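Everything on this sheet refers to the single structure shown next.
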There are 6 protein chains.
Amino acid sequence: MSMVDITAKKAVYREAVAEGVIRLRPETIQRIRDRSVEKGDVIEVTKAAVALAVKKTSELLPLCHPIPITHVDIGFEFLGEDRIKLVVRVKTIAQTGVEMEALTGVVVGLLNIWDMVKKYEKDESGQYPETWIENIRVVSKVKSLHA
Amino acid sequence: MSMVDITAKKAVYREAVAEGVIRLRPETIQRIRDRSVEKGDVIEVTKAAVALAVKKTSELLPLCHPIPITHVDIGFEFLGEDRIKLVVRVKTIAQTGVEMEALTGVVVGLLNIWDMVKKYEKDESGQYPETWIENIRVVSKVKSLHA
Amino acid sequence: MSMVDITAKKAVYREAVAEGVIRLRPETIQRIRDRSVEKGDVIEVTKAAVALAVKKTSELLPLCHPIPITHVDIGFEFLGEDRIKLVVRVKTIAQTGVEMEALTGVVVGLLNIWDMVKKYEKDESGQYPETWIENIRVVSKVKSLHA
Amino acid sequence: MSMVDITAKKAVYREAVAEGVIRLRPETIQRIRDRSVEKGDVIEVTKAAVALAVKKTSELLPLCHPIPITHVDIGFEFLGEDRIKLVVRVKTIAQTGVEMEALTGVVVGLLNIWDMVKKYEKDESGQYPETWIENIRVVSKVKSLHA
Amino acid sequence: MSMVDITAKKAVYREAVAEGVIRLRPETIQRIRDRSVEKGDVIEVTKAAVALAVKKTSELLPLCHPIPITHVDIGFEFLGEDRIKLVVRVKTIAQTGVEMEALTGVVVGLLNIWDMVKKYEKDESGQYPETWIENIRVVSKVKSLHA
Amino acid sequence: MSMVDITAKKAVYREAVAEGVIRLRPETIQRIRDRSVEKGDVIEVTKAAVALAVKKTSELLPLCHPIPITHVDIGFEFLGEDRIKLVVRVKTIAQTGVEMEALTGVVVGLLNIWDMVKKYEKDESGQYPETWIENIRVVSKVKSLHA
């Protein structure tokens with residue numbers, strides 16, 4: 001096993017967009033929209049968690065190169081009455097791509113949403129029959145000589 | 001916003017099992033099974049990444065309480081020819097549950113699989129049209145006075 | 001040098017409240033109140049940064065014992081037109097107090113406010129003539145057998 | 001919310017100096033000067049804590065870019081009989097400034113001083129009536145094409 | 001104390017190789033070779049631990065500069081019937097060398113081997129009379145204008 | 001692979017002492033004793049690095065349980081004219097032993113000594129022909145019902 005050798009590669013502009021979806025109860029979605037979740041503002045706290053997670057990627061994935069991050073953008077989209085899509089865009093000037101960074105932002109962001117609304121999603125026996133995360137993808141990757 | 005007050009709760013036995021699935025090309029799955037992925041042994045490195053991630057949960061999720069982890073068990077299941085299911089079980093004696101820890105193990109483990117097989121999943125323009133993560137769930141939670 | 005030996009001490013209820021103040025331009029304070037700061041919602045992101053920082057205390061201070069945190073509460077108070085006071089309360093059941101944890105939450109929270117409004121505080125030469133942090137104190141410490 | 005896009009900015013020489021003051025009892029200050037604090041050498045341990053904290057800045061502040069640090073210098077000044085001023089200088093070649101890094105070094109360093117002398121600052125009820133941190137400022141920022 | 005000023009140094013190609021040896025019981029070595037250690041595959045998990053540790057070097061050593069890592073290669077050699085040598089090669093394009101990174105990979109890797117085989121190395125009173133780590137060295141350092 | 005299940009084990013008093021030796025040039029040892037090493041006070045900075053490293057053990061070793069640390073004690077012994085022995089004692093009340101924590105403190109401490117005296121140990125081609133780390137051992141482990 002080894003971390004791929006990128007020593008001789010040129011640092012160029014890289015961008016990656018990843019996304020994923022969390023399925024929640026409609027009442028929970030409504031609370032998030034109303035900013036009435038008891039633990040705090042889900043959207044804003046999730047943004048902070050995503051930005052920090054993107055920067056932690058190479059600490060979580062053993063073979064991921066540590067790379068500078070020059071931009072993180074985070075978007076939310078409400079799909080129907082029971083889903084939130086989280087979209088994370090990451091930019092860098094580096095020798096390797098940032099899709100793992102964008103994906104790490106997405107999964108940690110979706111988990112943070114879950115963590116903040118646990119109370120509203122559990123059934124009477126403490127299980128989560130109606131909560132799941134799905135459709136985590138890399139939407140696009142860009143690599144070019146100019147930003 | 002605040003981290004829920006669990007000061008007065010009694011530390012009891014807690015267990016959570018979470019799972020998730022990554023969809024890969026059949027040829028990539030075959031390489032993982034043959035242990036012929038160039039970056040190393042995907043299953044074993046993923047286990048290490050999961051165990052470390054479980055312990056990092058409260059660093060990733062702002063409102064998650066730091067809790068002792070007394071056991072982590074990690075399982076893989078090959079579903080059909082193009083999917084791997086990752087199952088993570090976490091145990092503790094604590095004042096709050098460990099479902100976020102089990103989920104964190106699952107998502108970081110699935111991302112690590114992706115990271116190690118990127119080369120075999122990218123198309124000629126560097127995109128990932130056939131790779132995604134899906135069906136991340138809490139399978140079960142247990143809470144009882146005795147381990 | 002050594003980390004004080006607390007092995008034989010009994011874990012009891014502990015609570016600490018710390019606070020501190022950041023001085024900003026009145027226009028910046030107004031932007032924070034209006035939630036019109038370009039980088040995001042200063043109050044909400046700061047809460048996330050505080051909660052995470054409290055949990056990182058023993059990683060930052062070499063001789064600080066790692067202790068479980070059972071509650072973090074974060075409050076903001078606008079003082080006059082040019083100051084924000086940040087108050088952080090931390091609880092635990094542990095063998096040693098949590099004042100360093102509360103203080104760490106306060107200083108990181110105040111720095112996060114600064115980081116998010118840098119643009120509005122710099123003068124034309126990039127300096128910060130009107131920005132400072134002051135009056136960081138431990139407001140109270142509690143130690144008792146019952147929570 | 002997003003991390004400001006610095007992708008297209010040129011990496012140039014940057015320097016920032018920040019400072020802050022801790023107020024302690026004169027007897028505590030004397031112990032620090034005599035290197036007779038029981039927990040160890042306050043000045044030297046604080047230097048280590050500052051250097052590590054400077055490097056952790058982007059892990060603590062969600063929207064702070066991770067940047068390389070090429071120099072950290074740490075100075076102490078005794079003010080009167082009851083105050084210590086801590087001054088931290090940070091240098092880099094980067095696309096954005098290092099004032100948050102210098103400030104992070106200052107606040108963590110001041111907290112470390114506090115942590116090491118807690119015993120001498122507490123009153124009989126465990127409170128800190130005579131201890132506080134004040135006057136945390138960015139003293140200067142430099143940005144130029146040449147180091 | 002200060003972190004050496006490397007601001008004006010040119011980033012050039014750097015490489016370092018470090019190694020170290022762990023002495024274990026012959027039966028333990030045999031288990032590692034057979035991949036029959038109960039805790040998992042020692043070689044593969046150690047590789048993951050080494051790669052992550054190399055990236056953590058500047059968090060562990062206060063005066064170590066954070067530098068990009070462009071390659072990590074990890075090798076194992078069985079010496080006689082009772083020793084394993086671990087060799088770690090690290091590459092970068094940076095202003096300072098990577099020997100501390102290679103050494104950090106070696107010591108954490110050797111400790112991970114120990115951690116995974118504790119059960120087979122302890123005597124009946126829980127001591128480790130036959131286990132030790134030795135001969136940790138920098139084998140070579142390279143610095144040149146071209147990778 | 002799994003992290004050993006310690007859920008049902010009772011938390012009892014645990015103590016471990018580990019040690020290791022670094023071989024340096026006699027002139028370097030003299031500088032350390034004289035506290036004339038340019039980078040700072042090697043003994044004091046090393047103590048800080050050891051205390052922090054002990055607390056990071058479970059982040060470095062994938063299968064190591066996170067456990068509370070209630071005491072760390074760090075000692076130095078000069079052996080002859082060219083060696084320093086570092087001894088680290090760790091205590092806890094936990095379900096598993098702390099020998100990996102003591103060992104982690106030792107290896108990171110020895111690396112920190114090396115890092116601070118690199119300049120005096122390198123030969124004219126930048127190599128370290130006279131520097132090595134040796135004899136890292138667990139000196140003793142204690143486990144008992146009472147601290």
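Starting from 1 in every chain, residues are counted up; chains themselves are A, B, ... following the order of the structure tokens, and ligands are numbered from 1 as listed.
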Original post:
If we count only C-alpha atoms, which residues of chain E reach to within 9 Å of chain B? Please list them as a PyMOL selection string.
Top reply: chain E and resi 40-41+44-49
| task | Might you pull out every residue within 7 Å of region 102-110 of chain F, with only C-alpha atoms counted and same-chain residues fewer than 4 positions away left off, and present them as a ChimeraX atom specification? | result | /E:107 /F:16-20,22,46,49-51,53-54,57,86-90,98,114
How about saving the chosen residues, C-alpha atoms kept, as a PDB file, in the first residue's frame?
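And here is the file that came out, again-v8.pdb:
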```
ATOM      1  CA  VAL E 107       7.306   4.917  15.227  1.00  0.00           C
TER       2      VAL E 107
ATOM      3  CA  ALA F  16       1.987   1.823  32.863  1.00  0.00           C
ATOM      4  CA  VAL F  17       5.571   3.016  32.607  1.00  0.00           C
ATOM      5  CA  ALA F  18       7.403   3.015  29.280  1.00  0.00           C
ATOM      6  CA  GLU F  19      10.837   4.229  28.328  1.00  0.00           C
ATOM      7  CA  GLY F  20      13.148   4.729  25.376  1.00  0.00           C
ATOM      8  CA  ILE F  22      17.831   8.604  21.926  1.00  0.00           C
ATOM      9  CA  THR F  46       9.395  17.699  24.987  1.00  0.00           C
ATOM     10  CA  ALA F  49       4.765  17.184  23.369  1.00  0.00           C
ATOM     11  CA  VAL F  50       4.649  14.005  25.475  1.00  0.00           C
ATOM     12  CA  ALA F  51       1.589  15.079  27.464  1.00  0.00           C
ATOM     13  CA  ALA F  53       0.781  12.754  22.528  1.00  0.00           C
ATOM     14  CA  VAL F  54      -0.380  10.536  25.393  1.00  0.00           C
ATOM     15  CA  THR F  57      -2.950   7.714  21.367  1.00  0.00           C
ATOM     16  CA  LEU F  86      12.853   9.355  28.449  1.00  0.00           C
ATOM     17  CA  VAL F  87      10.492   7.710  30.946  1.00  0.00           C
ATOM     18  CA  VAL F  88       6.708   8.221  30.814  1.00  0.00           C
ATOM     19  CA  ARG F  89       4.244   7.068  33.457  1.00  0.00           C
ATOM     20  CA  VAL F  90       0.490   7.140  32.735  1.00  0.00           C
ATOM     21  CA  VAL F  98      -2.452   2.346  29.289  1.00  0.00           C
ATOM     22  CA  TRP F 114      15.442  14.843  17.513  1.00  0.00           C
TER      23      TRP F 114
END
```
So that I can check the secondary structure, give me every residue of chain D assigned strand (DSSP E) by backbone DSSP, as a VMD selection string. chain D and resid 2 to 3 12 to 23 71 to 79 83 to 94 132 to 144
Residues just named, written with N, CA and C atoms as a compact mmCIF listing (two decimals), in the first residue's frame:
```txt
# COMPACT_ATOMS: atom_id res chain seq x y z
N SER D 2 -20.09 30.51 2.94
CA SER D 2 -19.06 29.83 2.18
C SER D 2 -17.70 30.32 2.63
N MET D 3 -16.70 29.51 2.37
CA MET D 3 -15.33 29.92 2.63
C MET D 3 -14.93 30.79 1.45
N VAL D 12 1.52 35.48 -1.85
CA VAL D 12 2.58 36.47 -1.60
C VAL D 12 3.00 36.37 -0.13
N TYR D 13 4.03 37.12 0.19
CA TYR D 13 4.52 37.12 1.56
C TYR D 13 3.51 37.79 2.50
N ARG D 14 3.22 37.17 3.61
CA ARG D 14 2.28 37.69 4.59
C ARG D 14 2.89 37.54 5.98
N GLU D 15 2.62 38.50 6.81
CA GLU D 15 3.10 38.42 8.19
C GLU D 15 2.03 39.07 9.06
N ALA D 16 1.84 38.55 10.25
CA ALA D 16 0.92 39.20 11.19
C ALA D 16 1.49 39.06 12.59
N VAL D 17 1.29 40.09 13.38
CA VAL D 17 1.69 40.07 14.79
C VAL D 17 0.45 40.33 15.62
N ALA D 18 0.19 39.47 16.60
CA ALA D 18 -0.94 39.69 17.50
C ALA D 18 -0.43 39.62 18.93
N GLU D 19 -1.19 40.21 19.84
CA GLU D 19 -0.77 40.18 21.24
C GLU D 19 -1.99 40.17 22.16
N GLY D 20 -1.73 39.82 23.42
CA GLY D 20 -2.78 39.82 24.42
C GLY D 20 -2.13 39.77 25.78
N VAL D 21 -2.94 40.04 26.81
CA VAL D 21 -2.40 40.18 28.16
C VAL D 21 -3.20 39.31 29.12
N ILE D 22 -2.49 38.67 30.07
CA ILE D 22 -3.19 37.99 31.15
C ILE D 22 -2.84 38.68 32.45
N ARG D 23 -3.87 38.87 33.28
CA ARG D 23 -3.69 39.51 34.60
C ARG D 23 -3.67 38.40 35.65
N HIS D 71 6.87 30.40 9.64
CA HIS D 71 7.61 30.89 10.81
C HIS D 71 6.63 31.28 11.91
N VAL D 72 6.99 30.93 13.14
CA VAL D 72 6.24 31.38 14.31
C VAL D 72 7.26 31.86 15.33
N ASP D 73 7.07 33.05 15.83
CA ASP D 73 7.96 33.55 16.86
C ASP D 73 7.10 34.02 18.03
N ILE D 74 7.55 33.71 19.23
CA ILE D 74 6.72 33.92 20.42
C ILE D 74 7.52 34.70 21.46
N GLY D 75 6.94 35.79 21.95
CA GLY D 75 7.65 36.60 22.95
C GLY D 75 6.78 36.89 24.16
N PHE D 76 7.43 37.05 25.30
CA PHE D 76 6.74 37.36 26.55
C PHE D 76 7.28 38.66 27.10
N GLU D 77 6.40 39.44 27.72
CA GLU D 77 6.83 40.69 28.34
C GLU D 77 6.10 40.79 29.68
N PHE D 78 6.83 41.06 30.75
CA PHE D 78 6.19 41.22 32.04
C PHE D 78 5.83 42.70 32.19
N LEU D 79 4.55 42.99 32.40
CA LEU D 79 4.06 44.37 32.52
C LEU D 79 3.75 44.62 33.98
N ARG D 83 1.04 41.43 35.29
CA ARG D 83 0.55 41.13 33.94
C ARG D 83 1.66 40.53 33.07
N ILE D 84 1.25 39.63 32.18
CA ILE D 84 2.17 39.12 31.17
C ILE D 84 1.55 39.39 29.81
N LYS D 85 2.37 39.98 28.94
CA LYS D 85 1.91 40.17 27.56
C LYS D 85 2.55 39.09 26.70
N LEU D 86 1.74 38.47 25.87
CA LEU D 86 2.22 37.43 24.96
C LEU D 86 2.11 37.99 23.55
N VAL D 87 3.20 37.92 22.79
CA VAL D 87 3.23 38.44 21.42
C VAL D 87 3.58 37.29 20.47
N VAL D 88 2.77 37.13 19.43
CA VAL D 88 3.00 36.04 18.47
C VAL D 88 3.11 36.60 17.06
N ARG D 89 4.20 36.25 16.39
CA ARG D 89 4.40 36.66 15.00
C ARG D 89 4.34 35.42 14.12
N VAL D 90 3.57 35.50 13.03
CA VAL D 90 3.43 34.38 12.11
C VAL D 90 3.75 34.86 10.70
N LYS D 91 4.48 34.03 9.93
CA LYS D 91 4.78 34.35 8.54
C LYS D 91 4.32 33.22 7.63
N THR D 92 4.05 33.60 6.39
CA THR D 92 3.68 32.60 5.39
C THR D 92 3.90 33.18 4.00
N ILE D 93 3.86 32.33 3.01
CA ILE D 93 3.71 32.73 1.61
C ILE D 93 2.37 32.12 1.24
N ALA D 94 1.35 32.95 1.14
CA ALA D 94 0.02 32.37 0.93
C ALA D 94 -0.92 33.36 0.24
N TRP D 132 -7.81 37.48 34.72
CA TRP D 132 -8.57 37.71 33.47
C TRP D 132 -7.59 37.92 32.30
N ILE D 133 -8.16 37.84 31.11
CA ILE D 133 -7.39 38.06 29.88
C ILE D 133 -7.97 39.28 29.21
N GLU D 134 -7.09 40.13 28.67
CA GLU D 134 -7.56 41.40 28.13
C GLU D 134 -6.70 41.84 26.94
N ASN D 135 -7.24 42.79 26.22
CA ASN D 135 -6.46 43.52 25.23
C ASN D 135 -5.82 42.65 24.16
N ILE D 136 -6.62 41.79 23.57
CA ILE D 136 -6.15 40.94 22.47
C ILE D 136 -6.34 41.72 21.18
N ARG D 137 -5.22 41.95 20.49
CA ARG D 137 -5.24 42.80 19.29
C ARG D 137 -4.34 42.25 18.20
N VAL D 138 -4.63 42.68 16.97
CA VAL D 138 -3.67 42.48 15.88
C VAL D 138 -2.79 43.73 15.86
N VAL D 139 -1.53 43.56 16.13
CA VAL D 139 -0.61 44.70 16.20
C VAL D 139 -0.27 45.19 14.80
N SER D 140 -0.03 44.27 13.90
CA SER D 140 0.30 44.69 12.53
C SER D 140 0.14 43.54 11.56
N LYS D 141 -0.16 43.92 10.35
CA LYS D 141 -0.23 42.95 9.25
C LYS D 141 0.64 43.48 8.13
N VAL D 142 1.37 42.57 7.47
CA VAL D 142 2.21 42.97 6.35
C VAL D 142 1.86 42.06 5.17
N LYS D 143 1.88 42.64 3.99
CA LYS D 143 1.64 41.86 2.76
C LYS D 143 2.54 42.47 1.70
N SER D 144 3.42 41.69 1.13
CA SER D 144 4.30 42.26 0.11
C SER D 144 4.77 41.18 -0.84
```
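In this model, the gap between CA of Ser36 (chain D) and CA of Asp5 (chain C) comes to 18.4 Å.
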Computed gap from CA of Glu101 (chain C) to CA of Thr131 (chain D) is 15.9 Å
Item to complete: Write out as an MDAnalysis selection string each polymer residue whose atoms come within 10 Å of Thr96 (chain B), counting only C-alpha atoms; drop sequence neighbours fewer than 6 positions from it.
Response: (chainID B and resid 4 6 9:14 64:67 143) or (chainID C and resid 70)
Exercise. Counting only C-alpha atoms, what is within 9 Å of Thr28 (chain A), bar same-chain residues fewer than 5 positions away, as a list in words?
Worked result: Arg33, Val37, Asp82, Val117, Tyr120 and Glu121 of chain A
Which parts of region 29-113 of chain E does DSSP call alpha helix (DSSP H) when run on the backbone here, written out as a ChimeraX atom specification? /E:29-34,42-60,99-113
Correct to one decimal, the distance CA of Lys39 (chain C)-CA of Met116 (chain C) is 6.1 Å
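Between Leu24 (chain D) and the candidates D:Pro62, D:Pro129, D:Gly97, D:Pro68, the tightest atom-to-atom separation, counting only C-alpha atoms, involves D:Pro129.
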